[in-house]
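Report on the structure given below.
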Amino acid sequence: MNITHDHQLVAQIRDYDICFAEFLKPSGNGQKIMQAILLREAFSRFAQQGIAIRQDGPTAILDVSCGPGDYSVGWTSDIARFLPKGMIFYCTDYPRGMSRATGEKYTTTTVNKIEAAAHRGQLLLAQPAVSIDADLFSGEGLLMPAGKSADIVHWSHSGYHVRDALGADRDDPRATESGLQTAIDKIWAALDERGLIFSVHQTRDISDGVPSQMLPVSRKYCGALDDIPERIATRSGELGGYVATVNFASPLKFPELSDADWEALKQTAQRSRLDPSQARTLRLLNFIAYDFTDFGKAALEKLGEDGRLATYVDDFKSIVLDNGGYIIVKCAFQMLSKSREVAIRLDDIARQLRGKQPEYRQEMAIEMENDSIWWRIVSH
């Protein structure tokens, strides 16, 4: 038995950043590619119509739940060409959120990466980037410095983490609702009256006939929240706001495994003998469970203790095999505003983006294939 390998794999599935990085590999996941396409197309229209982008000075941007900063650099670099006077960049995250790579706070790491991107000419900063450490889901902490507001707020895929923040109360519906309401209220308070929020979270929506095969499946095992977009829309409406939504689906590819390979994933004693494809699958399955409440125990470890790991693995194995090697991940790209005038234009932009989805899916597929070729080259 390879004890070192076994311990490494256990440590990996307990580490959110590692599992998230596995999930995001572009050769196997179209979500971030499709998200980037929608962002590009939306901001092109924002610029044309003068929505939220300042023409007389830098545009103030707030990145909520910035994490270690790699995606912050990615999306701000993508939209930089649409900001004629550059940006003032603010980022916020949980005060105890730490980058595994640098040992620094997420916000510190993000600011450093944004500054480096500006130095490389990827984006234009009108002033040094600003970090704000704040608990999104509780307390009174502001997400922006006093007296400041954001023209554009980005909030992507952190709403689910309200359960992690709640600890022992993570399965209490009232605590969950309160935590999410606090988050939305804080983000709303940071937004300029004519600004906009763009938020991306996974959704259980099936209005287009396409069901998600990720969080709605894992929810029955670990309680993962698959209705964050609905909660955002409801609360923003209560606050007097408006929301325009574009739902999109993308594939999450799994390695090709034999029946015996899948069976081995159910046996904790065999983890030291898992090959790279099985190890990737294990990290994906752990991320899909979306339970990082306990730093000392991964979601799959908890399912093993509860006697539900085998059923969990079988559920996803069945979906992967039925689809021919992937599951469908469904997300909601939401654009929110306080202004009715802005909301009318956002509704029209959302209609345009929905109408061009076939083109966007084709672009996503091409980029995924190119990334797959690249990964095959660099891995040899």
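Labeling convention for the structure tokens: chains A, B, ... as they appear, residues from 1 per chain, ligands from 1 in order of appearance.
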### All strand (DSSP E) residues (DSSP, backbone) inside stretch 290-342 of chain A, as a ChimeraX atom specification
/A:326-337
#### Entry: Contacts of stretch 236-240 of chain A within 9 Å, only C-alpha atoms, excl. fewer than 5 positions in-chain, as a PyMOL selection string
chain A and resi 184-185+188+231+336-339
#### Entry: Contact residues around A:Gly141 with only C-alpha atoms at 12 Å, ignoring same-chain residues under 2 positions, as number ranges by chain
A: 92-95, 132-139, 143-146, 182-183, 185-187, 189-190
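Every protein or nucleic acid residue with an atom no more than 9 Å from A:Trp155, counting only C-alpha atoms and leaving out same-chain residues fewer than 2 positions away, appears here: A:Leu62, A:Asp63, A:Val64, A:Ser65, A:Cys66, A:Val153, A:His157, A:Ser158, A:Gly159, A:Ile187, A:Ile197, A:Phe198, A:Ser199, A:Val200, A:His201.
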### Message
For the helix (DSSP H, G or I) assignment from backbone DSSP, which residues of stretch 80-328 of chain A qualify? Please present them as a ChimeraX atom specification.
### Response
/A:80-82,106-119,159-169,173-190,215-222,228-238,259-264,268-273,276-289,299-306,309-323
### For atom CA of A:Ser131 and atom CA of A:Ile88, the interatomic separation in Å (one decimal)
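Result for atom CA of A:Ser131 versus atom CA of A:Ile88: 11.3 Å, one decimal.
By only C-alpha atoms, and with residues fewer than 2 positions from A:Phe292 along its chain excluded, the set lying at most 9 Å from it is A:Arg14, A:Asp15, A:Tyr16, A:His161, A:Arg163, A:Asp164, A:Phe287, A:Ala289, A:Tyr290, A:Asp294, A:Phe295, A:Lys297, A:Ala298, A:Ala299.
Proximity of A:Ala244, A:Lys317, A:Ala165, A:Asn370 to A:Asp261, computed with only C-alpha atoms, is greatest for A:Lys317.
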### Query
So how far away is atom CA of A:Leu284 from atom CA of A:Phe23, in Å?
5.9 Å
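Comparing A:Cys91, A:Ile288, A:Ala249, A:Ala279 by their smallest distance to A:Leu142, the closest is A:Cys91 (using only C-alpha atoms).
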### Task
Kindly indicate which residue among A:Leu215, A:Leu83, A:Leu282, A:Ile232 lies nearest to A:Phe43, using only C-alpha atoms for the distances.
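Residue with the minimum atom-to-atom distance to A:Phe43: A:Leu83.
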